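Structure below is model-v5.txt: compact mmCIF, C-alpha atoms.
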```
# COMPACT_ATOMS: atom_id res chain seq x y z
CA MET C 21 0.00 0.00 0.00
CA SER C 22 2.45 2.62 -1.20
CA GLU C 23 0.05 5.35 -2.32
CA VAL C 24 -2.52 6.80 0.03
CA PRO C 25 -6.03 6.18 -1.37
CA ASP C 26 -8.33 9.17 -1.83
CA ASP C 27 -10.85 7.98 0.74
CA VAL C 28 -8.06 7.64 3.32
CA ILE C 29 -6.97 11.21 2.62
CA ALA C 30 -10.59 12.30 3.11
CA MET C 31 -10.87 10.33 6.37
CA ARG C 32 -7.61 11.79 7.65
CA GLU C 33 -8.90 15.29 6.99
CA ARG C 34 -12.21 14.58 8.69
CA LEU C 35 -10.55 13.11 11.79
CA ARG C 36 -8.13 15.98 11.93
CA ALA C 37 -10.94 18.53 11.79
CA ARG C 38 -12.63 17.13 14.92
CA PRO C 39 -12.95 19.56 17.84
CA VAL C 40 -10.41 18.68 20.47
CA GLY C 41 -11.07 18.91 24.17
CA SER C 42 -8.90 17.72 27.01
CA SER C 43 -8.11 14.05 27.29
CA ASP C 44 -9.66 12.04 30.12
CA ASP C 45 -6.41 10.26 30.72
CA PRO C 46 -3.44 12.22 29.36
CA VAL C 47 -0.19 10.40 28.71
CA LEU C 48 3.31 11.74 29.17
CA PRO C 49 4.39 13.44 25.92
CA GLU C 50 7.60 11.40 26.05
CA ARG C 51 5.59 8.23 25.71
CA LEU C 52 4.28 9.38 22.35
CA LEU C 53 7.83 9.84 21.10
CA GLN C 54 8.74 6.46 22.55
CA LEU C 55 5.80 4.92 20.71
CA LEU C 56 6.87 6.49 17.42
CA ASP C 57 10.48 5.43 17.97
CA GLY C 58 9.40 1.83 18.59
CA GLU C 59 10.71 1.98 22.15
CA LEU C 60 7.61 0.70 23.93
CA PRO C 61 6.98 -3.01 24.50
CA ALA C 62 4.68 -4.34 21.77
CA ASP C 63 1.62 -4.74 24.02
CA GLU C 64 1.98 -1.22 25.45
CA ALA C 65 2.51 0.18 21.97
CA GLU C 66 -0.66 -1.47 20.72
CA ALA C 67 -2.68 -0.24 23.70
CA LEU C 68 -1.46 3.33 23.26
CA ALA C 69 -2.01 3.28 19.49
CA ASP C 70 -5.50 1.95 20.11
CA ARG C 71 -6.19 4.90 22.38
CA VAL C 72 -4.92 7.25 19.66
CA ALA C 73 -7.51 5.73 17.33
CA GLN C 74 -10.33 6.68 19.69
CA ASP C 75 -9.22 9.85 21.47
CA PRO C 76 -9.08 13.05 19.36
CA ALA C 77 -6.93 14.84 21.95
CA LEU C 78 -4.34 12.08 22.00
CA ALA C 79 -4.50 11.86 18.20
CA LEU C 80 -3.62 15.56 17.91
CA GLU C 81 -0.70 15.12 20.30
CA LEU C 82 0.52 12.13 18.35
CA ARG C 83 0.41 14.13 15.10
CA ILE C 84 2.51 16.84 16.70
CA ALA C 85 4.96 14.30 18.14
CA ALA C 86 5.20 12.62 14.72
CA GLU C 87 6.00 15.93 13.01
CA ILE C 88 8.56 16.79 15.68
CA ARG C 89 10.12 13.35 15.31
CA ARG C 90 10.46 13.77 11.53
CA GLU C 91 12.07 17.19 12.04
CA ARG C 92 14.34 15.71 14.71
CA ASP C 93 15.49 12.92 12.41
CA ALA C 94 16.14 15.39 9.60
CA ALA C 95 18.04 17.69 11.97
CA VAL C 96 20.11 14.84 13.36
CA ALA C 97 21.09 13.85 9.82
CA VAL C 98 22.06 17.42 8.89
CA GLU C 99 23.92 18.08 12.13
CA SER C 100 26.02 14.95 11.82
CA GLU C 101 26.95 15.68 8.19
CA PRO C 102 29.66 18.35 8.77
CA ARG C 103 31.32 16.19 11.39
CA ARG C 104 32.43 13.73 8.76
CA SER C 105 35.89 14.32 7.49
CA ARG C 106 36.45 15.41 3.91
CA SER C 107 38.20 12.15 3.09
CA SER C 108 35.39 10.07 4.50
CA TYR C 109 32.96 12.16 2.43
CA ILE C 110 34.97 11.45 -0.72
CA TRP C 111 35.18 7.74 0.07
CA THR C 112 31.46 7.62 0.80
CA THR C 113 30.75 9.27 -2.55
CA VAL C 114 33.06 6.86 -4.35
CA ALA C 115 31.41 3.93 -2.60
CA ALA C 116 27.97 5.22 -3.55
CA LEU C 117 29.00 5.55 -7.20
CA ALA C 118 30.50 2.07 -7.15
CA ALA C 119 27.30 0.70 -5.63
CA ALA C 120 25.22 2.46 -8.30
CA LEU C 121 27.44 0.99 -11.01
CA ALA C 122 27.15 -2.45 -9.46
CA VAL C 123 23.36 -2.16 -9.28
CA TRP C 124 23.29 -1.17 -12.94
CA TRP C 125 25.54 -4.12 -13.81
CA TRP C 126 23.38 -6.50 -11.84
CA THR C 127 20.05 -5.30 -13.17
CA ARG C 128 21.05 -4.63 -16.81
CA PRO C 129 19.56 -6.91 -19.46
CA PRO C 130 21.80 -9.96 -19.54
CA THR C 131 24.22 -10.36 -22.41
CA LEU C 132 24.93 -13.61 -24.17
CA GLU C 133 27.87 -15.74 -23.40
CA HIS C 134 27.85 -16.95 -26.98
CA PRO C 135 26.26 -14.27 -29.14
CA GLY C 136 25.98 -14.74 -32.83
CA THR C 137 22.64 -15.97 -34.03
CA ASP C 138 19.22 -14.49 -33.72
CA GLU C 139 18.09 -17.62 -31.97
CA ILE C 140 20.67 -17.18 -29.26
CA ARG C 141 20.06 -13.47 -29.13
CA ALA C 142 16.39 -14.14 -28.52
CA GLY C 143 17.38 -16.35 -25.62
CA ALA C 144 19.52 -13.70 -23.90
CA VAL C 145 16.76 -12.36 -21.71
CA ASP C 146 14.36 -15.10 -20.99
CA PRO C 147 11.08 -13.54 -19.92
CA GLN C 148 9.73 -17.05 -19.47
CA ILE C 149 11.81 -17.44 -16.34
CA ARG C 150 9.39 -16.16 -13.76
CA SER C 151 9.46 -16.09 -10.00
CA LEU C 152 6.80 -18.13 -8.24
CA ILE C 153 7.22 -16.26 -4.98
CA GLY C 154 4.32 -14.06 -3.91
CA GLU C 155 4.63 -10.41 -2.92
CA GLY C 156 4.42 -11.24 0.75
CA GLY C 157 7.90 -12.77 0.69
CA LEU C 158 9.08 -15.89 2.47
CA PRO C 159 9.69 -16.89 6.09
CA ARG C 160 13.41 -17.04 6.81
CA ALA C 161 13.08 -20.61 8.10
CA ALA C 162 11.64 -21.73 4.76
CA PHE C 163 13.22 -19.35 2.30
CA GLU C 164 12.75 -21.50 -0.74
CA LEU C 165 13.08 -19.64 -4.03
CA ARG C 166 11.05 -21.17 -6.82
CA TRP C 167 10.68 -20.26 -10.45
CA GLU C 168 9.31 -21.58 -13.68
CA GLY C 169 10.26 -21.40 -17.34
CA GLY C 170 13.59 -21.56 -19.10
CA PRO C 171 14.65 -23.80 -21.98
CA PRO C 172 13.72 -27.50 -21.68
CA GLY C 173 16.44 -29.57 -20.07
CA ALA C 174 18.32 -26.51 -18.78
CA THR C 175 20.18 -26.47 -15.51
CA PHE C 176 20.09 -23.41 -13.31
CA ASP C 177 22.49 -21.19 -11.44
CA VAL C 178 21.04 -18.95 -8.73
CA PHE C 179 22.65 -15.87 -7.23
CA VAL C 180 21.19 -14.36 -4.07
CA THR C 181 22.33 -10.98 -2.76
CA THR C 182 21.31 -8.03 -0.62
CA PRO C 183 20.15 -4.83 -2.39
CA GLU C 184 23.75 -3.63 -1.87
CA LEU C 185 24.83 -6.68 -3.83
CA GLU C 186 26.57 -8.43 -0.97
CA SER C 187 26.40 -12.12 -1.72
CA ILE C 188 24.07 -14.10 0.53
CA ASP C 189 24.24 -17.45 -1.19
CA GLN C 190 24.48 -19.05 -4.60
CA ALA C 191 23.99 -22.44 -6.19
CA HIS C 192 25.01 -23.99 -9.50
CA ASP C 193 23.81 -26.69 -11.87
CA LEU C 194 20.45 -27.13 -10.21
CA VAL C 195 18.16 -29.55 -12.01
CA GLU C 196 14.98 -28.53 -10.19
CA PRO C 197 13.72 -24.93 -10.47
CA GLN C 198 14.02 -24.23 -6.78
CA PHE C 199 16.66 -23.34 -4.24
CA ARG C 200 16.38 -23.13 -0.47
CA VAL C 201 18.49 -20.41 1.15
CA PRO C 202 19.51 -21.64 4.61
CA ALA C 203 18.17 -19.54 7.49
CA SER C 204 21.75 -19.08 8.73
CA ALA C 205 22.59 -17.21 5.52
CA LEU C 206 19.81 -14.74 6.33
CA ASP C 207 20.90 -14.16 9.92
CA GLY C 208 22.10 -10.61 9.33
CA LEU C 209 18.86 -9.48 7.72
CA ALA C 210 16.06 -7.86 9.71
CA PRO C 211 12.44 -8.90 9.11
CA GLY C 212 11.16 -7.00 6.11
CA SER C 213 14.58 -6.89 4.42
CA LEU C 214 14.70 -7.24 0.69
CA VAL C 215 16.70 -9.93 -1.07
CA LEU C 216 17.61 -9.86 -4.77
CA TRP C 217 17.98 -13.07 -6.70
CA ARG C 218 18.55 -14.02 -10.26
CA VAL C 219 18.43 -17.27 -12.19
CA THR C 220 20.63 -18.20 -15.13
CA ALA C 221 19.48 -21.13 -17.24
CA THR C 222 22.06 -23.06 -19.28
CA THR C 223 21.22 -25.64 -21.91
CA HIS C 224 23.29 -28.76 -22.59
CA ASP C 225 24.90 -27.07 -25.64
CA GLY C 226 26.14 -24.18 -23.54
CA ARG C 227 23.59 -21.50 -24.36
CA SER C 228 22.48 -19.45 -21.40
CA ALA C 229 19.97 -16.80 -20.55
CA SER C 230 19.13 -15.07 -17.32
CA SER C 231 16.01 -13.90 -15.64
CA VAL C 232 15.51 -10.36 -14.50
CA ALA C 233 16.53 -9.73 -10.89
CA PHE C 234 13.65 -10.78 -8.61
CA GLU C 235 12.97 -9.17 -5.24
CA THR C 236 11.74 -11.14 -2.24
CA ILE C 237 11.06 -9.96 1.30
CA VAL C 238 12.42 -11.86 4.30
CA GLN C 239 9.50 -12.21 6.71
CA MET W 2 36.68 14.15 28.44
CA GLN W 3 35.85 17.42 30.23
CA ASP W 4 37.75 20.72 30.07
CA SER W 5 38.75 22.03 33.44
CA ALA W 6 38.41 25.67 32.27
CA PRO W 7 34.86 26.96 31.92
CA SER W 8 33.83 27.36 28.34
CA ALA W 9 31.03 29.29 26.71
CA LEU W 10 28.14 26.93 26.17
CA ALA W 11 26.75 26.96 22.68
CA GLU W 12 23.04 27.62 22.92
CA PRO W 13 20.67 25.99 20.53
CA ASP W 14 19.45 28.10 17.65
CA PHE W 15 16.08 28.87 19.22
CA GLN W 16 14.92 30.94 16.26
CA ARG W 17 15.38 27.95 14.00
CA ILE W 18 13.72 25.65 16.51
CA ARG W 19 10.82 28.08 16.71
CA GLU W 20 10.38 27.94 12.94
CA VAL W 21 10.44 24.16 12.99
CA LEU W 22 7.95 23.87 15.87
CA ASP W 23 5.69 26.42 14.21
CA ARG W 24 5.67 24.26 11.07
CA CYS W 25 5.00 21.08 13.08
CA VAL W 26 2.11 22.55 15.06
CA ARG W 27 0.54 24.17 12.00
CA LYS W 28 0.67 20.87 10.14
CA ALA W 29 -0.79 18.86 13.00
CA CYS W 30 -3.38 21.17 14.54
CA PRO W 31 -7.06 21.18 13.64
CA PRO W 32 -8.38 24.39 12.05
CA GLU W 33 -10.03 25.50 15.28
CA LEU W 34 -6.61 25.87 16.90
CA ALA W 35 -5.04 27.61 13.91
CA ILE W 36 -5.45 31.07 15.41
CA GLN W 37 -3.63 29.95 18.55
CA VAL W 38 -0.60 28.41 16.85
CA ASP W 39 1.62 31.49 17.27
CA ASP W 40 0.87 31.71 20.97
CA ILE W 41 1.29 27.98 21.55
CA VAL W 42 4.68 27.96 19.87
CA GLN W 43 5.80 31.19 21.56
CA HIS W 44 5.01 29.89 25.02
CA ALA W 45 6.47 26.49 24.23
CA ILE W 46 9.72 28.12 23.13
CA ALA W 47 9.86 30.19 26.31
CA ARG W 48 9.50 27.00 28.36
CA LEU W 49 12.00 25.22 26.17
CA VAL W 50 14.58 27.97 26.70
CA ALA W 51 14.03 27.79 30.46
CA ARG W 52 14.35 24.03 30.58
CA VAL W 53 17.41 23.90 28.37
CA ARG W 54 19.14 26.59 30.46
CA GLU W 55 18.16 24.77 33.65
CA GLY W 56 19.88 21.73 32.25
CA ASP W 57 22.94 23.92 31.61
CA ARG W 58 24.10 21.79 28.76
CA GLU W 59 25.43 22.25 25.29
CA LEU W 60 22.85 21.26 22.76
CA ASP W 61 22.42 21.39 19.04
CA LEU W 62 19.59 20.59 16.70
CA GLY W 63 20.91 17.06 16.47
CA SER W 64 20.32 16.49 20.15
CA ALA W 65 17.55 13.99 20.89
CA TYR W 66 17.16 15.59 24.33
CA LEU W 67 16.38 18.96 22.80
CA TRP W 68 13.62 17.52 20.66
CA ARG W 69 12.17 15.60 23.57
CA VAL W 70 11.96 18.79 25.58
CA ALA W 71 10.48 20.62 22.59
CA ASN W 72 7.85 17.93 22.15
CA HIS W 73 6.98 18.11 25.84
CA ALA W 74 6.76 21.90 25.83
CA VAL W 75 4.45 22.07 22.81
CA ILE W 76 2.10 19.34 24.04
CA ASP W 77 1.99 20.80 27.54
CA GLU W 78 1.15 24.20 26.13
CA LEU W 79 -1.51 22.73 23.91
CA ARG W 80 -3.11 20.94 26.84
CA ARG W 81 -3.09 24.11 28.89
CA ARG W 82 -5.04 25.94 26.21
CA ARG W 83 -7.45 23.27 25.20
CA PRO W 84 -11.04 23.60 26.37
CA ARG W 85 -12.24 20.93 28.74
CA ARG W 86 -14.20 18.26 26.94
CA GLU W 87 -17.39 19.19 28.79
CA ASP W 88 -17.00 22.78 27.58
CA LEU W 89 -17.14 21.73 23.96
CA THR W 90 -20.55 22.43 22.53
CA PRO W 91 -22.08 19.89 20.18
CA ASP W 92 -21.80 22.55 17.50
CA ALA W 93 -18.17 23.34 18.15
CA ASP W 94 -17.12 21.91 14.84
CA ALA W 95 -19.81 23.89 13.06
CA ILE W 96 -17.30 26.75 13.30
CA VAL W 97 -14.99 24.72 11.11
CA GLY W 98 -17.67 24.08 8.55
CA SER W 99 -19.29 27.47 8.77
CA ILE W 100 -17.58 28.66 5.61
CA GLY W 101 -19.42 26.04 3.59
CA ASP W 102 -23.13 25.51 3.55
CA PRO W 103 -24.69 24.21 6.79
CA GLU W 104 -26.20 21.16 5.12
CA ARG W 105 -22.79 20.09 3.91
CA SER W 106 -21.12 20.59 7.27
CA ALA W 107 -23.90 18.65 9.01
CA HIS W 108 -23.33 15.82 6.56
CA GLY W 109 -19.59 16.09 7.24
CA ARG W 110 -20.17 15.71 10.98
CA GLN W 111 -22.31 12.68 10.27
CA ILE W 112 -19.49 11.09 8.26
CA THR W 113 -16.94 11.86 10.97
CA ALA W 114 -19.21 10.31 13.60
CA GLY W 115 -19.63 7.31 11.30
CA ILE W 116 -15.87 6.90 10.93
CA GLU W 117 -15.45 7.02 14.73
CA ALA W 118 -18.24 4.52 15.30
CA CYS W 119 -16.95 2.14 12.64
CA LEU W 120 -13.40 2.46 13.93
CA ALA W 121 -14.61 1.44 17.39
CA GLY W 122 -15.87 -1.83 15.91
CA VAL W 123 -12.59 -2.84 14.26
CA ALA W 124 -10.46 -5.53 15.96
CA THR W 125 -7.96 -4.05 18.44
CA ASP W 126 -4.72 -4.88 16.64
CA ARG W 127 -6.08 -3.56 13.33
CA ARG W 128 -7.54 -0.49 15.01
CA ALA W 129 -4.18 0.30 16.61
CA ALA W 130 -2.42 0.18 13.23
CA LEU W 131 -5.24 1.96 11.44
CA GLY W 132 -5.44 4.62 14.16
CA LEU W 133 -1.82 5.56 13.53
CA TYR W 134 -2.22 5.37 9.76
CA LEU W 135 -5.26 7.64 9.82
CA GLN W 136 -3.26 10.19 11.78
CA GLY W 137 -0.87 10.46 8.86
CA LEU W 138 1.80 7.91 9.71
CA SER W 139 3.26 5.93 6.82
CA ILE W 140 3.27 2.13 6.84
CA PRO W 141 6.99 1.98 7.83
CA GLU W 142 6.26 4.42 10.67
CA VAL W 143 3.34 2.26 11.82
CA ALA W 144 5.60 -0.80 11.69
CA THR W 145 8.25 0.93 13.81
CA ALA W 146 5.70 2.08 16.38
CA LEU W 147 4.03 -1.32 16.71
CA ARG W 148 7.34 -3.19 16.56
CA CYS W 149 6.37 -5.42 13.69
CA ASN W 150 7.64 -5.83 10.15
CA GLY W 151 6.36 -3.75 7.26
CA LYS W 152 4.33 -6.57 5.82
CA ARG W 153 2.39 -7.13 9.02
CA ALA W 154 1.76 -3.40 9.43
CA ASP W 155 0.56 -3.26 5.84
CA ASN W 156 -1.76 -6.22 6.44
CA LEU W 157 -3.21 -4.77 9.64
CA VAL W 158 -3.90 -1.43 8.00
CA TYR W 159 -5.28 -3.03 4.85
CA ARG W 160 -7.65 -5.31 6.77
CA GLY W 161 -8.63 -2.51 9.14
CA LEU W 162 -9.42 -0.25 6.18
CA THR W 163 -11.46 -2.98 4.53
CA ALA W 164 -13.56 -3.40 7.68
CA LEU W 165 -13.91 0.37 8.05
CA ARG W 166 -15.05 0.85 4.45
CA LYS W 167 -17.52 -2.00 4.72
CA CYS W 168 -18.99 -0.53 7.90
CA LEU W 169 -19.27 2.96 6.39
CA LEU W 170 -20.93 1.54 3.31
CA ALA W 171 -23.46 -0.28 5.49
CA LYS W 172 -24.29 3.07 7.09
CA GLY W 173 -24.66 4.62 3.67
CA LEU W 174 -21.68 6.90 4.26
CA ARG W 175 -18.89 7.79 1.87
CA PRO W 176 -15.86 9.69 3.22
```

This entry written out as structure tokens:
Amino acid sequence: MSEVPDDVIAMRERLRARPVGSSDDPVLPERLLQLLDGELPADEAEALADRVAQDPALALELRIAAEIRRERDAAVAVESEPRRSRSSYIWTTVAALAAALAVWWWTRPPTLEHPGTDEIRAGAVDPQIRSLIGEGGLPRAAFELRWEGGPPGATFDVFVTTPELESIDQAHDLVEPQFRVPASALDGLAPGSLVLWRVTATTHDGRSASSVAFETIVQ
Amino acid sequence: MQDSAPSALAEPDFQRIREVLDRCVRKACPPELAIQVDDIVQHAIARLVARVREGDRELDLGSAYLWRVANHAVIDELRRRRPRREDLTPDADAIVGSIGDPERSAHGRQITAGIEACLAGVATDRRAALGLYLQGLSIPEVATALRCNGKRADNLVYRGLTALRKCLLAKGLRP
């Protein structure tokens, strides 16, 4: 749900326009910031958020705390910027450019290992290789990547990386169109992290074609 | 490491903080409080200055403490100025809608009451997520607050919204 639907915008405006009296049971303003920062235990967070849903006074205070938090985070980022040394700034920029180049390299349409004929050229990007993983992602304990398509009789190589292209795992010469990434390989990734993966199919006569880079969320 | 010699403490840039708080309060406040925003922020800044100087510490805009104090000062000031709930007249929000035609604002109040009633009927976990979302938080912000992953926050909000829409439709209301 990346875009805010029109009816939600309308509901937000209506709730915001409610007259606000005093709250029956005010909470410490710090607790609102703690809620927004994810610093309250889950059950307390849910209880407080539930109150926000039903108390216009608390809702107003939460909106203010949320705005202040966003300004705080922006200010913290700006304030820490000049403290970095010039050399670290240059190296950060170089690293960012290198990462951008690597992302381009990874996500570019695949080239052929043996170009020459139209037939092979047509096989360079194989749109028939499709991910069978739903948008909801996979649980880390059962992170089994599955796909379909590719030339008959092909074997598969799979490359799994982070969005920064750090290798997580890879496998070669798979006969079945599936690969299970061990949970231990996903240890460093927080729930909700994105994983990129790509399949290369190779036929017995050496022709190969790759899928696009698929994205899967670690639940 | 502390200096033994006293040094001039760098005070926060209160003018800049004032501008930021002004923006925050204006964005978050309902229209009925719009005319009080200047006063709320002015008094909050005065209290902020006092508290920061009491603390006798060097602070900059990147200080989490400074923003915590600012948040406290603004909300305290807001509470001080808010009418008691029992003093609110049933027509208090008619002031908000008075620019438009009365029929329209009456219908608007009916929709708002419908949203509140429907929201009360949503399951607690979904209502918690939806409550935050309807106050303008993004899905990642909801996930952070409720300490769950983005997918779960998205699901809770989506299912909460579905229930809310269905309830509003049953009441013949359209936001």

Practice prompt. Give me the residues within 12 Å of Glu66 in chain C as a list in words, counting all atoms listed in the file and dropping any in the same chain fewer than 6 places off.
Written response: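 Listing them by chain and then by number gives Leu55, Leu56, Gly58, Glu59, Leu60, Val72 and Ala73 of chain C; Ala124, Thr125, Asp126, Arg127, Arg128, Ala129, Ala130, Leu131, Gly132, Leu133, Val143, Ala144, Thr145, Ala146, Leu147, Arg148, Cys149, Ala154 and Leu157 of chain W.
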
Item to complete: Have a look at C:Gly226, C:Gly208, C:Pro147, C:Pro61 and name the one nearest to Ile188 in chain C; count only C-alpha atoms.
Response: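 Of C:Gly226, C:Gly208, C:Pro147, C:Pro61, the one nearest Ile188 in chain C, counting only C-alpha atoms, is C:Gly208.
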
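Closest to Ile41 in chain W among W:Ile18, W:Val26, W:Ile112, W:Ala171 is W:Val26, based on all atoms listed in the file.
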
Discussion item. I need the chain C residues near chain W as an NGL selection string; criterion: at most 7 Å, counting all atoms listed in the file.
Written reply: :C and (21 or 27 or 30-32 or 34-39 or 41-42 or 49-50 or 55-58 or 62 or 65-66 or 69-70 or 72-73 or 79-81 or 83-85 or 87-88 or 92 or 95-96 or 99 or 156 or 211-212)

Response to the item:
CA of Ser204 in chain C sits from CA of Val178 in chain C at a separation of 17.5 Å

Fill in: Separation of CA of Leu169 in chain W from CA of Ala107 in chain W, in Å and rounded to one decimal
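If I compute the distance from CA of Leu169 in chain W to CA of Ala107 in chain W, I get 16.6 Å.
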
Item to complete: Quick one: pull the distance between CA of Lys172 in chain W and CA of His108 in chain W, Å, one decimal.
Response: 12.8 Å
